[in-house]
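query_9.cif (mmCIF, C-alpha atoms) appears below.
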```cif
data_query
#
loop_
_atom_site.label_atom_id
_atom_site.label_comp_id
_atom_site.auth_asym_id
_atom_site.auth_seq_id
_atom_site.Cartn_x
_atom_site.Cartn_y
_atom_site.Cartn_z
CA MET A 208 -143.44 17.60 -111.44
CA SER A 209 -141.03 20.20 -112.84
CA GLU A 210 -140.98 21.40 -116.41
CA ALA A 211 -137.92 20.88 -118.57
CA ARG A 212 -135.86 24.04 -118.96
CA ASP A 213 -135.55 25.48 -122.44
CA ASP A 214 -131.97 26.34 -123.34
CA TYR A 215 -131.25 29.52 -125.24
CA LEU A 216 -128.45 30.44 -127.61
CA ILE A 217 -127.39 34.02 -128.25
CA TRP A 218 -126.63 35.21 -131.76
CA SER A 219 -124.36 38.23 -132.02
CA ASN A 220 -125.08 40.45 -135.00
CA GLU A 221 -122.04 42.48 -134.01
CA HIS A 222 -119.63 39.53 -134.17
CA ARG A 223 -121.59 37.32 -136.59
CA ARG A 224 -121.15 34.36 -134.25
CA TRP A 225 -122.87 32.55 -131.39
CA TRP A 226 -121.97 33.39 -127.82
CA ALA A 227 -119.60 30.83 -126.35
CA PRO A 228 -120.30 28.97 -123.09
CA GLY A 229 -119.94 30.96 -119.88
CA ARG A 230 -120.05 34.34 -121.66
CA HIS A 231 -116.47 33.78 -122.87
CA GLY A 232 -116.18 34.95 -126.47
CA TYR A 233 -117.87 33.86 -129.66
CA VAL A 234 -117.90 30.66 -131.69
CA LEU A 235 -118.98 29.37 -135.08
CA GLY A 236 -121.33 26.41 -135.15
CA LEU A 237 -124.20 25.43 -132.89
CA ARG A 238 -122.34 22.56 -131.23
CA ARG A 239 -119.84 24.94 -129.69
CA ALA A 240 -122.37 27.63 -128.72
CA GLY A 241 -123.14 28.33 -125.10
CA ARG A 242 -126.46 27.33 -123.60
CA TYR A 243 -128.17 29.83 -121.34
CA SER A 244 -131.38 29.95 -119.34
CA ARG A 245 -134.10 32.17 -120.78
CA ASP A 246 -133.64 34.73 -118.01
CA GLU A 247 -129.86 34.87 -118.50
CA ALA A 248 -130.17 35.16 -122.29
CA LEU A 249 -132.66 38.01 -121.99
CA GLU A 250 -130.45 39.77 -119.43
CA ILE A 251 -127.38 39.50 -121.69
CA CYS A 252 -129.28 40.77 -124.71
CA ARG A 253 -130.88 43.66 -122.81
CA GLU A 254 -127.46 44.76 -121.52
CA ALA A 255 -126.20 44.85 -125.12
CA LEU A 256 -129.00 47.11 -126.41
CA GLY A 257 -126.73 50.14 -126.04
CA THR A 258 -124.55 48.93 -128.91
CA ALA A 259 -127.52 48.70 -131.28
CA ALA A 260 -127.24 52.37 -132.28
CA HIS A 261 -123.77 52.12 -133.84
CA LEU A 262 -124.65 48.81 -135.53
CA GLY A 263 -127.98 49.91 -136.92
CA ALA A 264 -129.45 46.63 -135.65
CA ILE A 265 -130.09 44.79 -132.42
CA SER A 266 -126.64 43.55 -131.46
CA GLU A 267 -127.50 40.36 -129.53
CA ILE A 268 -130.53 38.12 -130.14
CA PRO A 269 -131.80 35.38 -127.78
CA VAL A 270 -132.84 32.25 -129.67
CA ARG A 271 -134.45 29.17 -128.16
CA GLU A 272 -132.27 26.15 -129.04
CA LYS A 273 -135.31 24.00 -129.74
CA ASP A 274 -136.50 26.50 -132.39
CA VAL A 275 -133.10 26.61 -134.11
CA THR A 276 -132.88 22.82 -134.13
CA GLU A 277 -136.38 22.47 -135.57
CA PHE A 278 -135.73 25.20 -138.15
CA LEU A 279 -132.56 23.46 -139.34
CA ALA A 280 -133.96 19.91 -139.30
CA ASN A 281 -132.81 18.07 -142.43
CA ALA A 282 -131.01 21.19 -143.72
CA MET A 283 -127.57 20.77 -145.21
CA ILE A 284 -125.81 24.02 -144.43
CA PRO A 285 -122.01 23.64 -144.19
CA GLY A 286 -120.54 25.02 -140.98
CA CYS A 287 -123.94 25.67 -139.42
CA VAL A 288 -123.90 22.93 -136.80
#
```

Turn the structure described in the file into structure tokens.
Amino acid sequence: MSEARDDYLIWSNEHRRWWAPGRHGYVLGLRRAGRYSRDEALEICREALGTAAHLGAISEIPVREKDVTEFLANAMIPGCV
């Protein structure tokens, strides 16, 4: 029996948007955000660590989709989903 894969989103502090599907740009709203495997999300975010110095913050953050969905459950935040 195989375990279900957790999908990850990537938040860009640099662009103030979610990564789009297929590593192609950035989008507003969770519905349009790309879904990545944990390993791919960590790889993307590690590669971006070099830009953290000029931002003064970690530039890209991996976020498990399930955690974001649970966090926002019943929240009414315009433009968030």

Quick one: apply the PyMOL selection byres ((chain A and resi 237) around 12) to the file and drop the selected residues here as a VMD selection string. chain A and resid 215 to 218 224 to 228 233 to 236 238 to 242 270 to 273 275 to 276 279 284 to 288

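Taking CA of Asp214 in chain A as the reference point, CA of Glu267 in chain A is found at 16.0 Å.
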
Please, what distance in Å, to one decimal, runs between CA of Asn220 in chain A and CA of Ser266 in chain A? 5.0 Å

Which is closer to Ile265 in chain A than all the others in A:Phe278, A:Tyr243, A:Ser219, A:Arg230, using all atoms listed in the file? A:Ser219

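For the pair CA of Ser244 in chain A and CA of Gly229 in chain A, the separation is 11.5 Å.
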